[in-house]
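Visitor: This is upload13.cif (mmCIF, C-alpha atoms).
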```
data_query
loop_
_atom_site.label_atom_id
_atom_site.label_comp_id
_atom_site.auth_asym_id
_atom_site.auth_seq_id
_atom_site.Cartn_x
_atom_site.Cartn_y
_atom_site.Cartn_z
CA MET A 1 71.89 100.85 -82.66
CA LYS A 2 70.29 101.85 -79.37
CA THR A 3 66.64 102.33 -78.58
CA ILE A 4 65.63 105.12 -76.24
CA ALA A 5 62.13 105.38 -74.81
CA PHE A 6 60.53 108.62 -73.61
CA ALA A 7 58.06 107.62 -70.98
CA ASN A 8 55.93 109.00 -68.20
CA GLN A 9 52.37 107.86 -67.60
CA LYS A 10 51.49 111.44 -66.71
CA GLY A 11 50.41 113.40 -69.78
CA GLY A 12 51.57 116.88 -70.70
CA VAL A 13 55.09 116.54 -69.34
CA GLY A 14 56.85 117.16 -72.65
CA LYS A 15 57.48 113.63 -73.92
CA THR A 16 56.71 114.39 -77.58
CA THR A 17 58.52 117.74 -77.63
CA THR A 18 61.54 116.08 -76.02
CA ALA A 19 61.50 113.10 -78.38
CA VAL A 20 61.07 115.26 -81.50
CA THR A 21 63.71 117.79 -80.46
CA LEU A 22 66.31 115.20 -79.52
CA ALA A 23 65.58 113.07 -82.58
CA HIS A 24 66.13 116.03 -84.90
CA GLY A 25 69.16 117.08 -82.80
CA LEU A 26 70.73 113.66 -83.36
CA ALA A 27 69.85 113.74 -87.06
CA ARG A 28 71.50 117.16 -87.42
CA LEU A 29 74.66 115.65 -85.97
CA GLY A 30 74.63 113.03 -88.71
CA ARG A 31 73.15 110.18 -86.64
CA ARG A 32 70.60 108.20 -88.63
CA THR A 33 67.56 108.35 -86.40
CA LEU A 34 64.12 106.75 -86.38
CA LEU A 35 61.43 108.31 -84.23
CA VAL A 36 58.51 106.00 -83.48
CA ASP A 37 55.15 107.41 -82.37
CA LEU A 38 53.48 105.02 -79.94
CA ASP A 39 50.80 107.54 -78.99
CA PRO A 40 47.39 107.38 -80.77
CA GLN A 41 47.37 111.19 -80.73
CA GLY A 42 49.94 111.05 -83.55
CA HIS A 43 51.67 114.24 -82.52
CA VAL A 44 55.14 113.29 -83.72
CA ALA A 45 54.15 113.76 -87.37
CA PHE A 46 52.18 116.90 -86.51
CA SER A 47 55.15 118.42 -84.67
CA LEU A 48 57.32 117.99 -87.75
CA GLY A 49 54.75 119.43 -90.14
CA LEU A 50 53.68 116.06 -91.55
CA GLU A 51 50.35 114.25 -91.82
CA LYS A 52 49.30 111.71 -89.20
CA GLU A 53 49.43 108.22 -90.68
CA PRO A 54 48.74 104.69 -89.43
CA GLY A 55 52.43 103.78 -89.69
CA LEU A 56 52.58 101.71 -86.51
CA PHE A 57 49.32 99.96 -87.44
CA ASN A 58 50.68 99.10 -90.87
CA LEU A 59 53.89 97.73 -89.34
CA ILE A 60 52.39 95.63 -86.55
CA VAL A 61 48.89 94.70 -87.77
CA SER A 62 49.24 94.78 -91.57
CA GLU A 63 52.79 93.43 -91.23
CA MET A 64 54.13 95.77 -93.90
CA PRO A 65 57.91 96.09 -94.08
CA LEU A 66 59.36 98.97 -92.07
CA ARG A 67 60.92 100.70 -95.08
CA LYS A 68 57.43 101.05 -96.58
CA VAL A 69 55.83 102.57 -93.51
CA VAL A 70 58.48 105.03 -92.34
CA VAL A 71 58.24 108.64 -93.49
CA HIS A 72 61.34 110.62 -94.29
CA ALA A 73 60.96 113.75 -92.14
CA ARG A 74 64.33 115.49 -92.31
CA GLU A 75 67.87 114.66 -93.39
CA ASN A 76 68.92 111.58 -91.34
CA LEU A 77 65.53 111.54 -89.63
CA ASP A 78 62.73 109.08 -90.40
CA ILE A 79 59.54 108.77 -88.39
CA LEU A 80 57.15 105.90 -87.92
CA PRO A 81 53.99 107.95 -87.57
CA GLY A 82 50.92 107.06 -85.58
CA ASP A 83 47.26 108.03 -85.48
CA LYS A 84 44.06 106.79 -83.87
CA MET A 85 44.62 103.41 -85.57
CA THR A 86 47.36 102.89 -82.98
CA GLU A 87 44.53 101.96 -80.59
CA LYS A 88 43.83 98.94 -82.79
CA VAL A 89 47.49 97.95 -82.53
CA LYS A 90 46.97 97.51 -78.80
CA ARG A 91 44.05 95.14 -79.41
CA GLN A 92 46.10 93.14 -81.91
CA ILE A 93 49.02 92.89 -79.51
CA THR A 94 46.77 91.85 -76.64
CA VAL A 95 45.59 88.74 -78.50
CA SER A 96 49.03 87.82 -79.87
CA ASP A 97 51.54 85.27 -78.60
CA PHE A 98 54.73 86.63 -77.03
CA ARG A 99 52.88 89.91 -76.93
CA GLU A 100 55.37 91.88 -74.85
CA SER A 101 58.16 91.63 -77.40
CA ILE A 102 56.23 92.27 -80.62
CA LEU A 103 57.50 95.83 -81.02
CA ALA A 104 61.05 94.84 -80.02
CA ASN A 105 61.04 92.17 -82.74
CA SER A 106 59.70 94.63 -85.33
CA LEU A 107 62.41 97.16 -84.52
CA ALA A 108 65.33 94.74 -84.19
CA ASP A 109 68.49 95.19 -86.28
CA LEU A 110 67.44 98.30 -88.16
CA ASP A 111 69.85 100.40 -90.14
CA TYR A 112 69.69 103.36 -87.77
CA ASP A 113 72.12 104.73 -85.20
CA ALA A 114 69.30 105.49 -82.79
CA VAL A 115 65.63 104.60 -82.45
CA LEU A 116 63.57 106.90 -80.25
CA LEU A 117 60.19 105.83 -78.93
CA ASP A 118 57.65 108.49 -78.03
CA MET A 119 55.40 106.62 -75.60
CA ALA A 120 51.77 107.35 -74.81
CA PRO A 121 50.82 108.57 -71.33
CA SER A 122 49.43 105.21 -70.25
CA LEU A 123 50.46 101.89 -68.78
CA ASP A 124 48.97 99.54 -71.35
CA VAL A 125 50.35 96.70 -73.43
CA LEU A 126 51.91 99.04 -76.00
CA HIS A 127 53.68 100.86 -73.22
CA VAL A 128 55.17 97.61 -71.94
CA ASN A 129 56.13 96.77 -75.54
CA GLY A 130 57.95 100.09 -75.76
CA LEU A 131 59.85 99.43 -72.56
CA VAL A 132 60.80 95.91 -73.65
CA ALA A 133 62.08 97.34 -76.95
CA SER A 134 64.21 100.01 -75.27
CA ASP A 135 67.78 100.00 -73.98
CA PHE A 136 67.49 103.26 -72.06
CA VAL A 137 64.53 105.24 -70.76
CA ILE A 138 64.29 109.01 -70.47
CA ILE A 139 61.54 110.10 -68.10
CA PRO A 140 60.47 113.70 -68.72
CA THR A 141 58.69 115.19 -65.75
CA ARG A 142 57.29 118.51 -64.71
CA LEU A 143 58.38 119.52 -61.25
CA ASP A 144 55.05 119.04 -59.57
CA ALA A 145 53.91 116.30 -57.22
CA LEU A 146 51.63 114.56 -59.75
CA ALA A 147 54.23 114.30 -62.48
CA VAL A 148 56.94 113.23 -60.04
CA ASP A 149 54.56 110.49 -58.89
CA GLY A 150 54.44 109.45 -62.55
CA VAL A 151 58.22 108.96 -62.38
CA ARG A 152 57.74 106.54 -59.50
CA GLU A 153 55.09 104.64 -61.47
CA ILE A 154 57.19 104.27 -64.60
CA LEU A 155 60.14 103.07 -62.50
CA LEU A 156 57.91 100.45 -60.90
CA THR A 157 56.82 99.29 -64.35
CA MET A 158 60.46 99.19 -65.48
CA GLY A 159 61.21 97.10 -62.40
CA GLU A 160 58.48 94.62 -63.40
CA VAL A 161 59.81 94.48 -66.97
CA SER A 162 63.34 93.88 -65.63
CA GLN A 163 62.07 91.04 -63.44
CA ARG A 164 60.77 89.33 -66.58
CA GLY A 165 64.29 89.27 -67.96
CA HIS A 166 64.73 92.54 -69.87
CA ALA A 167 67.96 94.36 -69.08
CA PHE A 168 67.83 98.15 -69.30
CA GLU A 169 71.12 99.99 -69.65
CA GLY A 170 69.69 102.70 -67.43
CA TYR A 171 67.34 105.61 -67.19
CA SER A 172 67.43 109.35 -66.66
CA ILE A 173 64.94 111.83 -65.33
CA LEU A 174 64.53 115.01 -67.30
CA PRO A 175 62.84 117.93 -65.53
CA THR A 176 60.78 119.87 -68.08
CA PHE A 177 58.78 123.12 -68.04
CA PHE A 178 61.39 124.26 -65.54
CA ASP A 179 60.65 127.59 -63.87
CA ARG A 180 63.53 128.42 -61.58
CA THR A 181 61.73 131.30 -59.89
CA THR A 182 59.22 129.23 -57.92
CA ARG A 183 59.86 127.59 -54.56
CA GLU A 184 57.89 124.50 -55.54
CA THR A 185 60.28 123.92 -58.46
CA LEU A 186 63.25 124.10 -56.09
CA THR A 187 61.60 121.80 -53.54
CA GLN A 188 60.70 119.19 -56.15
CA LEU A 189 64.14 119.38 -57.78
CA GLN A 190 65.80 118.93 -54.39
CA GLU A 191 63.62 115.88 -53.75
CA LEU A 192 64.39 114.38 -57.15
CA VAL A 193 68.11 114.98 -56.79
CA LYS A 194 68.14 113.57 -53.25
CA THR A 195 66.45 110.40 -54.50
CA PHE A 196 67.96 109.93 -57.95
CA GLY A 197 71.28 111.81 -57.83
CA LYS A 198 73.13 111.78 -61.14
CA LYS A 199 70.16 110.27 -62.95
CA VAL A 200 68.57 113.73 -62.92
CA TRP A 201 69.62 115.52 -66.08
CA PRO A 202 69.87 119.31 -66.39
CA PRO A 203 66.34 120.71 -66.75
CA ILE A 204 64.54 122.09 -69.78
CA PRO A 205 63.44 125.68 -69.15
CA GLN A 206 59.80 126.60 -69.68
CA ASP A 207 59.60 128.50 -72.95
CA THR A 208 56.63 129.40 -75.14
CA ARG A 209 58.83 128.75 -78.18
CA ALA A 210 58.35 125.02 -77.64
CA ARG A 211 54.58 125.32 -78.08
CA GLU A 212 54.94 127.68 -81.02
CA SER A 213 57.35 125.43 -82.92
CA ALA A 214 54.81 122.56 -82.94
CA ALA A 215 52.16 124.92 -84.31
CA TYR A 216 54.47 125.79 -87.21
CA GLY A 217 55.41 122.16 -87.82
CA LYS A 218 59.07 122.92 -87.19
CA SER A 219 61.51 121.45 -84.74
CA LEU A 220 63.00 123.84 -82.20
CA TRP A 221 66.35 123.70 -84.00
CA GLU A 222 64.58 125.10 -87.06
CA TYR A 223 62.10 127.43 -85.41
CA SER A 224 64.11 129.07 -82.65
CA PRO A 225 67.73 127.92 -82.36
CA GLU A 226 68.59 130.65 -79.83
CA SER A 227 65.63 130.00 -77.52
CA THR A 228 66.14 129.29 -73.83
CA VAL A 229 64.43 125.94 -74.18
CA LEU A 230 67.32 124.87 -76.43
CA THR A 231 70.27 126.77 -75.06
CA GLY A 232 69.35 126.69 -71.35
CA TYR A 233 69.76 129.38 -68.74
CA ALA A 234 72.76 131.67 -69.14
CA ASP A 235 74.35 131.74 -65.71
CA ASN A 236 77.82 133.11 -64.93
CA GLY A 237 78.83 132.84 -68.55
CA LYS A 238 77.74 129.19 -68.71
CA HIS A 239 74.60 127.65 -70.12
CA VAL A 240 72.68 125.30 -67.88
CA GLY A 241 69.97 122.94 -69.07
CA GLY A 242 68.05 123.11 -72.32
CA TYR A 243 67.79 120.55 -75.08
CA ALA A 244 71.30 121.28 -76.38
CA GLN A 245 72.82 120.09 -73.09
CA CYS A 246 70.31 117.23 -72.97
CA LEU A 247 71.52 116.18 -76.41
CA THR A 248 75.11 115.91 -75.15
CA ARG A 249 73.91 113.66 -72.32
CA LEU A 250 72.00 111.53 -74.84
CA LEU A 251 75.09 111.22 -77.03
CA GLU A 252 77.01 109.93 -73.99
CA VAL A 253 74.31 107.27 -73.57
CA LEU A 254 74.39 106.33 -77.27
CA ASP A 255 78.18 106.16 -77.40
CA ALA A 256 78.60 104.31 -74.10
CA MET B 1 84.12 101.40 -41.34
CA PRO B 2 84.51 105.01 -42.54
CA ASP B 3 85.00 107.72 -39.98
CA PRO B 4 81.46 108.68 -38.80
CA LYS B 5 82.19 112.37 -39.38
CA PHE B 6 82.59 111.67 -43.09
CA GLU B 7 79.39 112.23 -45.03
CA ARG B 8 78.81 110.51 -48.34
CA ARG B 9 78.22 113.11 -51.03
CA PRO B 10 75.51 112.50 -53.59
CA VAL B 11 76.92 112.29 -57.08
CA LEU B 12 75.10 114.85 -59.20
CA ASP B 13 75.19 115.97 -62.76
CA PRO B 14 77.50 119.01 -62.53
CA ALA B 15 75.05 121.26 -64.38
CA VAL B 16 72.24 120.23 -62.05
CA ALA B 17 74.47 120.82 -59.03
CA ASP B 18 75.33 124.34 -60.31
CA LEU B 19 71.71 125.19 -60.96
CA LEU B 20 70.54 123.80 -57.65
CA SER B 21 73.15 125.67 -55.63
CA GLY B 22 72.24 128.92 -57.41
CA MET B 23 68.55 128.41 -56.69
CA GLU B 24 69.26 127.49 -53.07
CA ARG B 25 71.43 130.58 -52.64
CA ARG B 26 68.71 132.80 -54.10
CA LYS B 27 66.10 131.19 -51.86
CA ALA B 28 68.34 131.73 -48.80
CA GLU B 29 68.74 135.38 -49.81
CA THR B 30 64.99 135.91 -49.95
CA GLN B 31 64.81 134.96 -46.27
CA LEU B 32 67.37 137.58 -45.19
CA PRO B 33 66.33 140.93 -43.65
CA ARG B 34 65.64 143.59 -46.26
CA GLN B 35 68.91 145.48 -45.68
CA GLN B 36 71.05 142.38 -46.19
CA ARG B 37 68.99 141.38 -49.19
CA GLU B 38 69.65 144.74 -50.83
CA LYS B 39 73.34 144.46 -50.00
CA LYS B 40 73.52 141.03 -51.63
CA ALA B 41 71.67 142.32 -54.70
CA LYS B 42 74.14 145.21 -54.98
CA GLU B 43 77.10 142.85 -54.66
CA ARG B 44 75.67 140.61 -57.37
CA ALA B 45 75.04 143.58 -59.68
CA LYS B 46 78.61 144.77 -59.08
CA ILE B 47 80.05 141.35 -59.91
CA THR B 48 77.91 141.13 -63.05
CA SER B 49 78.87 144.61 -64.24
CA ARG B 50 82.57 143.84 -63.70
CA ARG B 51 82.43 140.62 -65.69
CA GLU B 52 82.55 142.57 -68.97
CA GLN B 53 85.72 144.34 -67.83
CA ARG B 54 87.66 141.22 -67.02
CA ALA B 55 90.28 139.60 -69.22
CA THR B 56 92.88 136.93 -68.53
CA TYR B 57 96.33 137.07 -70.08
CA ASP B 58 99.58 135.33 -69.21
CA LEU B 59 102.15 137.86 -68.01
CA PRO B 60 105.78 137.35 -66.98
CA PRO B 61 105.96 137.34 -63.16
CA GLN B 62 108.57 140.15 -63.22
CA LEU B 63 106.22 142.39 -65.19
CA ARG B 64 103.36 141.60 -62.86
CA GLN B 65 105.54 142.46 -59.89
CA ARG B 66 106.59 145.78 -61.48
CA ILE B 67 102.96 146.74 -62.01
CA LYS B 68 102.12 145.78 -58.44
CA ASP B 69 105.10 147.77 -57.07
CA LEU B 70 104.14 150.80 -59.15
CA ALA B 71 100.51 150.58 -58.06
CA ASP B 72 101.60 150.36 -54.40
CA ARG B 73 104.00 153.27 -54.77
CA GLU B 74 101.51 155.52 -56.57
CA ARG B 75 98.62 154.21 -54.46
CA LEU B 76 96.61 153.55 -57.61
CA PRO B 77 94.54 150.56 -58.76
CA ALA B 78 96.78 148.24 -60.78
CA SER B 79 93.97 147.74 -63.34
CA GLN B 80 93.98 151.48 -64.13
CA LEU B 81 97.74 151.50 -64.57
CA VAL B 82 97.57 148.54 -66.92
CA SER B 83 94.75 150.22 -68.86
CA LEU B 84 96.86 153.39 -69.19
CA ALA B 85 99.89 151.37 -70.37
CA LEU B 86 97.83 149.48 -72.94
CA ILE B 87 96.19 152.64 -74.30
CA ARG B 88 99.63 154.23 -74.68
CA PHE B 89 100.94 151.12 -76.40
CA LEU B 90 97.99 150.94 -78.82
CA ASN B 91 98.45 154.65 -79.67
CA ASP B 92 102.17 154.05 -80.27
CA LEU B 93 101.34 151.09 -82.45
CA GLU B 94 98.95 153.18 -84.55
CA THR B 95 101.45 156.01 -85.02
CA GLY B 96 104.28 153.58 -85.82
CA ALA B 97 106.31 154.43 -82.71
CA VAL B 98 106.27 150.71 -81.90
CA ASP B 99 106.94 148.16 -84.66
CA VAL B 100 105.60 144.73 -83.75
CA ASP B 101 106.61 143.27 -87.12
CA ALA B 102 110.29 143.74 -86.30
CA MET B 103 109.91 141.42 -83.28
CA LYS B 104 107.95 138.65 -84.99
CA GLN B 105 109.39 135.16 -85.13
CA PRO B 106 107.61 132.16 -86.69
CA SER B 107 105.73 130.07 -84.15
CA ARG B 108 105.50 126.30 -84.11
CA SER B 109 102.14 126.48 -82.35
CA PRO B 110 99.16 125.44 -84.48
CA ARG B 111 97.19 128.32 -82.96
CA TYR B 112 99.51 131.19 -83.87
CA ASP B 113 101.63 132.13 -86.86
CA TRP B 114 104.04 134.28 -84.86
CA ASN B 115 105.65 134.83 -81.48
CA LEU B 116 107.21 138.07 -80.29
CA ASP B 117 110.93 138.00 -79.71
CA PHE B 118 111.42 140.79 -77.18
CA PRO B 119 114.63 142.82 -77.38
CA GLU B 120 116.89 141.93 -74.44
CA ASN B 121 117.19 145.54 -73.30
CA LEU B 122 113.40 145.95 -73.05
CA MET B 123 113.29 144.71 -69.49
CA PRO B 124 116.37 143.04 -68.02
CA GLY B 125 115.67 139.58 -66.56
CA LEU B 126 112.29 139.33 -68.28
CA VAL B 127 111.20 135.72 -68.77
CA LEU B 128 108.20 135.44 -71.05
CA PRO B 129 105.65 132.69 -70.47
CA ARG B 130 106.46 131.07 -73.81
CA MET B 131 110.17 130.98 -72.93
CA ILE B 132 109.70 128.82 -69.84
CA ILE B 133 112.20 126.03 -70.09
CA LYS B 134 110.98 122.49 -69.71
CA ASN B 135 113.28 119.46 -70.03
CA GLY B 136 116.05 121.74 -71.26
CA LYS B 137 113.99 122.95 -74.24
CA LYS B 138 112.26 126.23 -74.82
CA ARG B 139 108.53 125.99 -75.33
CA SER B 140 107.12 128.10 -78.11
#
```
In structure tokens, write the structure found in this file.
Guide:
Amino acid sequence: MKTIAFANQKGGVGKTTTAVTLAHGLARLGRRTLLVDLDPQGHVAFSLGLEKEPGLFNLIVSEMPLRKVVVHARENLDILPGDKMTEKVKRQITVSDFRESILANSLADLDYDAVLLDMAPSLDVLHVNGLVASDFVIIPTRLDALAVDGVREILLTMGEVSQRGHAFEGYSILPTFFDRTTRETLTQLQELVKTFGKKVWPPIPQDTRARESAAYGKSLWEYSPESTVLTGYADNGKHVGGYAQCLTRLLEVLDA
Amino acid sequence: MPDPKFERRPVLDPAVADLLSGMERRKAETQLPRQQREKKAKERAKITSRREQRATYDLPPQLRQRIKDLADRERLPASQLVSLALIRFLNDLETGAVDVDAMKQPSRSPRYDWNLDFPENLMPGLVLPRMIIKNGKKRS
């Protein structure tokens, strides 16, 4: 079992869409997947057409067993939903002993092939808990200066977590909302690639289908399997980017 | 120490490298004078329109050479000659003038059920791709 965190302290970069799409993508391939919502907005459940629930609160604060708080969302896909009660989880963690590893302990040795953590856009104690619980971090980012600065911040936080003894297997940067027609996109992508090289994964094209699918409570695989956001740009007979290609990169991480 | 003229290449995800080079090329094109920009656009459109017309098949080198010689002699595009030959063949196949079934031999390949066993007098010296000999054995 591997735990993958989706993190960027900047909001609106596509963390939840990425986590939901890849979680359902893994599940469709037969990988037993748990998607954990660490964001008090509770959008994981909403994106899959389910009700927001205090799943994380019940696990951490009420100390209910995981099997009682997970919600079966799709075949091979369970979610640990969140809602505004997740804010109270932070308070509980803050006053606890060994507070940085509380989530890691709660999610240890589960009967899943992959656990995906959809992190909140913040740098609080729950965020650190998510990083400590994860083996690999995927950092979605828009290609604008503010979001790319968020990448730097999350890497600094990961560095601090590593210094306290947690060993990450690695991280990847996932450009989202990619619009290949603008010069700013090219400039930011060049900068990212120059700095991070192979850690930059093929980008996710901007596509209204991604917003629509959440409104219908469907994953992109269900709502629009032929959309550019999934299949990527068709270029010279090849497809570049999109969540389908991202999924193959994620499988390489899981099977490494 | 490595030779100073050697430059270390960044290791990129191949899909990202493809995308980036395409975007960089397009950006470079936008900075060209209008005439050159239009020329590039035409070239790209031509390449794109030709993509549908392209197919790759393995042909015996002797057959390829014969087509090339004929195209040179007649001063015609080889692609048009091959198209003509294929149309004629397909017509002959439909009318029964050519019987493919008579040339079929079972194939050991998991991809195909049959191979064609060409009559020896069809084209003297013809060596088909599947008949290439490796380690003294015919590949099928």
Visitor: With a cut-off of 8 Å and counting all atoms listed in the file, select all residues of chain B in contact with chain A and give the selection as a VMD selection string.
Guide: chain B and resid 10 to 13 15 to 16 19 to 20 23 to 24 27
Visitor: Using only C-alpha atoms, please write the residues we just selected to a file, as a PDB file, keeping the file's coordinate frame.
Guide:
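Saved file again-v9.pdb follows:
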```pdb
ATOM      1  CA  PRO B  10      75.510 112.500 -53.590  1.00  0.00           C
ATOM      2  CA  VAL B  11      76.920 112.290 -57.080  1.00  0.00           C
ATOM      3  CA  LEU B  12      75.100 114.850 -59.200  1.00  0.00           C
ATOM      4  CA  ASP B  13      75.190 115.970 -62.760  1.00  0.00           C
ATOM      5  CA  ALA B  15      75.050 121.260 -64.380  1.00  0.00           C
ATOM      6  CA  VAL B  16      72.240 120.230 -62.050  1.00  0.00           C
ATOM      7  CA  LEU B  19      71.710 125.190 -60.960  1.00  0.00           C
ATOM      8  CA  LEU B  20      70.540 123.800 -57.650  1.00  0.00           C
ATOM      9  CA  MET B  23      68.550 128.410 -56.690  1.00  0.00           C
ATOM     10  CA  GLU B  24      69.260 127.490 -53.070  1.00  0.00           C
ATOM     11  CA  LYS B  27      66.100 131.190 -51.860  1.00  0.00           C
TER      12      LYS B  27
END
```
Visitor: I'd like the contact shell of stretch 145-150 of chain A - 6 Å cut-off, all atoms listed in the file, skipping same-chain residues fewer than 5 positions apart - returned as a PyMOL selection string.
Guide: chain A and resi 8-10
Visitor: Record the distance separating atom CA of A:Leu26 and atom CA of A:Leu247, expressed in Å with one decimal.
Guide: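 Computing it gives 7.4 Å between the two atoms.
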Visitor: Skipping near chain neighbours, those fewer than 4 positions away, what residues fall within 12 Å of A:Leu77 using all atoms listed in the file, listed as a PDB file with C-alpha atoms, in the frame of the given file?
Guide:
```
ATOM      1  CA  VAL A  20      61.070 115.260 -81.500  1.00  0.00           C
ATOM      2  CA  THR A  21      63.710 117.790 -80.460  1.00  0.00           C
ATOM      3  CA  LEU A  22      66.310 115.200 -79.520  1.00  0.00           C
ATOM      4  CA  ALA A  23      65.580 113.070 -82.580  1.00  0.00           C
ATOM      5  CA  HIS A  24      66.130 116.030 -84.900  1.00  0.00           C
ATOM      6  CA  GLY A  25      69.160 117.080 -82.800  1.00  0.00           C
ATOM      7  CA  LEU A  26      70.730 113.660 -83.360  1.00  0.00           C
ATOM      8  CA  ALA A  27      69.850 113.740 -87.060  1.00  0.00           C
ATOM      9  CA  ARG A  28      71.500 117.160 -87.420  1.00  0.00           C
ATOM     10  CA  LEU A  29      74.660 115.650 -85.970  1.00  0.00           C
ATOM     11  CA  GLY A  30      74.630 113.030 -88.710  1.00  0.00           C
ATOM     12  CA  ARG A  31      73.150 110.180 -86.640  1.00  0.00           C
ATOM     13  CA  ARG A  32      70.600 108.200 -88.630  1.00  0.00           C
ATOM     14  CA  THR A  33      67.560 108.350 -86.400  1.00  0.00           C
ATOM     15  CA  LEU A  34      64.120 106.750 -86.380  1.00  0.00           C
ATOM     16  CA  LEU A  35      61.430 108.310 -84.230  1.00  0.00           C
ATOM     17  CA  VAL A  36      58.510 106.000 -83.480  1.00  0.00           C
ATOM     18  CA  ALA A  45      54.150 113.760 -87.370  1.00  0.00           C
ATOM     19  CA  LEU A  48      57.320 117.990 -87.750  1.00  0.00           C
ATOM     20  CA  VAL A  70      58.480 105.030 -92.340  1.00  0.00           C
ATOM     21  CA  VAL A  71      58.240 108.640 -93.490  1.00  0.00           C
ATOM     22  CA  HIS A  72      61.340 110.620 -94.290  1.00  0.00           C
ATOM     23  CA  ALA A  73      60.960 113.750 -92.140  1.00  0.00           C
ATOM     24  CA  ASP A 111      69.850 100.400 -90.140  1.00  0.00           C
ATOM     25  CA  TYR A 112      69.690 103.360 -87.770  1.00  0.00           C
ATOM     26  CA  ASP A 113      72.120 104.730 -85.200  1.00  0.00           C
ATOM     27  CA  ALA A 114      69.300 105.490 -82.790  1.00  0.00           C
ATOM     28  CA  VAL A 115      65.630 104.600 -82.450  1.00  0.00           C
ATOM     29  CA  LEU A 116      63.570 106.900 -80.250  1.00  0.00           C
ATOM     30  CA  SER A 219      61.510 121.450 -84.740  1.00  0.00           C
TER      31      SER A 219
END
```
Visitor: Using only C-alpha atoms, which residues sit within 12 Å of B:Val100 once same-chain residues fewer than 6 positions away are excluded, as a list of chain:residue names?
Guide: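 The contact residues come out as B:Phe89, B:Leu90, B:Asp92, B:Leu93, B:Glu94, B:Trp114, B:Asn115, B:Leu116, B:Asp117, B:Phe118, B:Pro119.
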Visitor: Using all atoms listed in the file, pick whichever of A:Leu103, A:Asp78, A:Gln92, A:Val151 has the shortest atom-to-atom distance to A:Gly11.
Guide: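 So, comparing all the options, the nearest one is A:Val151.
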Visitor: Take atom CA of A:Ile4 and atom CA of A:Met158 and report the distance between them in Å, one decimal.
Guide: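 Between these atoms lies a distance of 13.3 Å.
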Visitor: Neighbours of A:Thr208 within 12 Å (only C-alpha atoms; same-chain residues fewer than 5 positions away dropped), as a list of chain:residue names?
Guide: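 In the requested format, the answer is A:Phe177, A:Phe178, A:Ser213, A:Ala214, A:Ala215, A:Leu220, A:Tyr223, A:Ser224, A:Ser227, A:Thr228, A:Val229, A:Leu230.
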Visitor: Give me the residues within 12 Å of B:Leu63 as a PyMOL selection string, counting only C-alpha atoms and dropping any in the same chain fewer than 6 places off.
Guide: chain B and resi 69-70+78+82+122-129
Visitor: Suppose you want the space between atom CA of A:Glu63 and atom CA of A:Phe168; what is it in Å?
Guide: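 These two atoms are separated by 27.0 Å.
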Visitor: Name the residues that the PyMOL selection byres ((chain A and resi 39) around 9) picks from the file above, as a list in words, using the file's chain letters and numbers.
Guide: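 For this structure, the PyMOL selection byres ((chain A and resi 39) around 9) captures Asp37, Leu38, Pro40, Gln41, Gly42, His43, Val44, Gly82, Asp83, Lys84, Thr86, Glu87, Asp118, Met119, Ala120 and Pro121 of chain A.
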Visitor: Just checking: using all atoms listed in the file, which residue out of A:Ser62, A:Asn129, A:Thr141, A:Thr176 ends up closest to A:Thr157?
Guide: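 Among the listed residues, A:Asn129 lies closest to A:Thr157.
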Visitor: Expand the PyMOL selection byres ((chain A and resi 134) around 9) into the individual residues it matches in the shown file, reporting them as a ChimeraX atom specification.
Guide: /A:2-5,104,115-117,129-133,135-137,168-169
Visitor: Is it possible to add N, CA and C atoms to stretch 119-127 of chain A and hand it back as a PDB file, keeping the file's coordinate frame?
Guide:
```
ATOM      1  N   MET A 119      56.426 107.476 -76.204  1.00  0.00           N
ATOM      2  CA  MET A 119      55.400 106.620 -75.600  1.00  0.00           C
ATOM      3  C   MET A 119      54.145 107.419 -75.256  1.00  0.00           C
ATOM      4  N   ALA A 120      53.030 106.716 -75.201  1.00  0.00           N
ATOM      5  CA  ALA A 120      51.770 107.350 -74.810  1.00  0.00           C
ATOM      6  C   ALA A 120      51.714 107.476 -73.285  1.00  0.00           C
ATOM      7  N   PRO A 121      50.952 108.449 -72.788  1.00  0.00           N
ATOM      8  CA  PRO A 121      50.820 108.570 -71.330  1.00  0.00           C
ATOM      9  C   PRO A 121      49.860 107.521 -70.777  1.00  0.00           C
ATOM     10  N   SER A 122      50.297 106.290 -70.737  1.00  0.00           N
ATOM     11  CA  SER A 122      49.430 105.210 -70.250  1.00  0.00           C
ATOM     12  C   SER A 122      50.317 104.070 -69.772  1.00  0.00           C
ATOM     13  N   LEU A 123      49.689 103.058 -69.218  1.00  0.00           N
ATOM     14  CA  LEU A 123      50.460 101.890 -68.780  1.00  0.00           C
ATOM     15  C   LEU A 123      49.854 100.637 -69.396  1.00  0.00           C
ATOM     16  N   ASP A 124      49.630 100.671 -70.701  1.00  0.00           N
ATOM     17  CA  ASP A 124      48.970  99.540 -71.350  1.00  0.00           C
ATOM     18  C   ASP A 124      50.000  98.620 -72.014  1.00  0.00           C
ATOM     19  N   VAL A 125      49.494  97.712 -72.828  1.00  0.00           N
ATOM     20  CA  VAL A 125      50.350  96.700 -73.430  1.00  0.00           C
ATOM     21  C   VAL A 125      51.372  97.303 -74.410  1.00  0.00           C
ATOM     22  N   LEU A 126      50.970  98.388 -75.069  1.00  0.00           N
ATOM     23  CA  LEU A 126      51.910  99.040 -76.000  1.00  0.00           C
ATOM     24  C   LEU A 126      53.035  99.734 -75.239  1.00  0.00           C
ATOM     25  N   HIS A 127      52.686 100.229 -74.076  1.00  0.00           N
ATOM     26  CA  HIS A 127      53.680 100.860 -73.220  1.00  0.00           C
ATOM     27  C   HIS A 127      54.724  99.827 -72.779  1.00  0.00           C
TER      28      HIS A 127
END
```
